[in-house]
Structure formats: structure tokens, C-alpha cells
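Report on the structure given below.
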Amino acid sequence: MVTGLLQTKNYARAVLLAWEPAADPRLVDRQVETRMRRQEVLTREPDPIQLHVVLSEAALHRVLGSPEIMREQLEHLIQISHLPNVFLQVLPFANPSGITVSSTVTLMHLAEQRLSTVYLEDLRCDVLMGTGAIHPL
């Protein structure tokens, strides 16, 4: 799936409902709005975050919700990839390394604090793991 920082509202809702079709609509709405608020770090002034995303090609082909939702999501990816602080790559099916991606993994580096953390985003759960002090990337 597309990482939460790059999801549209409709795609985010489709992701949540794919995992739990009978979810309380109020809870789904709250989760979608939280995800949308998190995305503000990409365009905040001053100092938007630098984001480098590698998406599996499968995320671009797997239809979540409907073809219209996927079209909107793909157009959003194109638009957001034009931001100077966002670098978007696609890991193709034909990648000779054989690497597969089963969930989204985000490495967040806080340069001033010299800290990093890993955020795992999956249909089943989201996990934030602190890695402690590290050397700058």
C-alpha cells in the first residue's frame, strides 16, 4: 500500500475498510483525519520534512476502494512528487535483487536531536520504534 504520508482521504479510508469492513464509521473518520493532519509536515512553513519514499510497484497496481479512488491516489502521488522536499521512487516488479515489500517502513531522522525512529505501517497495526541516538544519514 501507499504510505500514510502520501495517501488521499479516500485511499486512506479504503485501506482502513479493507482491513476492517465493519469498523465504526466514526473511528474510521477519526483515523483518516489523523492521517491527513500528519501529512501537514510535508508542506508546513518553515521547514517541511524531507521525505524519501520507495514504493513497491504492487502499491500502484492494487486497487483499494475503486478504480476512481486509485486514479485520485495516483494523481496525488504525481502531484506530491513535484514538491522539492519529496523524493519518490518505485521498486519495480522486475527488480533483480528480489527484494519484496510487505508493509510500509518509514525511517524518521531528527537531525537536531540526532535521533531516529522507525515507523511500521501495516493493515493490521502501526508501530513506532525508537532507535536512539544515531549518526546523521
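Naming scheme: A, B, ... for chains in displayed order of the C-alpha cells; residues 1 onward per chain; ligands 1 onward as shown.
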Worksheet item: as a list in words, which residues of segment 33-81 of chain A does DSSP assign to alpha helix (DSSP H)?
Response: Glu33, Thr34, Arg35, Met36, Arg37, Arg38, Glu57, Ala58, Ala59, Leu60, His61, Pro67, Glu68, Ile69, Met70, Arg71, Glu72, Gln73, Leu74, Glu75, His76, Leu77, Ile78, Gln79 and Ile80 of chain A
Discussion item. I want to know what sits within 10 Å of segment 27-38 of chain A, based on only C-alpha atoms, with residues of the same chain fewer than 5 positions away left out; could you give that as a PyMOL selection string?
Written reply: chain A and resi 4-17+20
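Between atom CA of Thr3 of chain A and atom CA of Val63 of chain A lies a distance of 14.7 Å.
For the residues A:Asn85, A:Glu40, A:Leu91, A:His76, ranking by smallest atom-to-atom distance to Ala58 of chain A using only C-alpha atoms places A:Leu91 first.
Comparing the minimum interatomic distances between Met1 of chain A and each of A:Arg71, A:His82, A:Arg62, A:Arg44, counting only C-alpha atoms, we find that A:Arg62 sits nearest.
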Worksheet item: For Phe93 of chain A, which residue out of A:Thr117, A:Asp24, A:Gln73, A:Leu55 is the nearest one, using only C-alpha atoms?
Response: A:Leu55
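Between Gln89 of chain A and the residues A:Val53, A:Leu64, A:Ala23, A:Leu42, the shortest atom-to-atom distance, using only C-alpha atoms, involves A:Val53.
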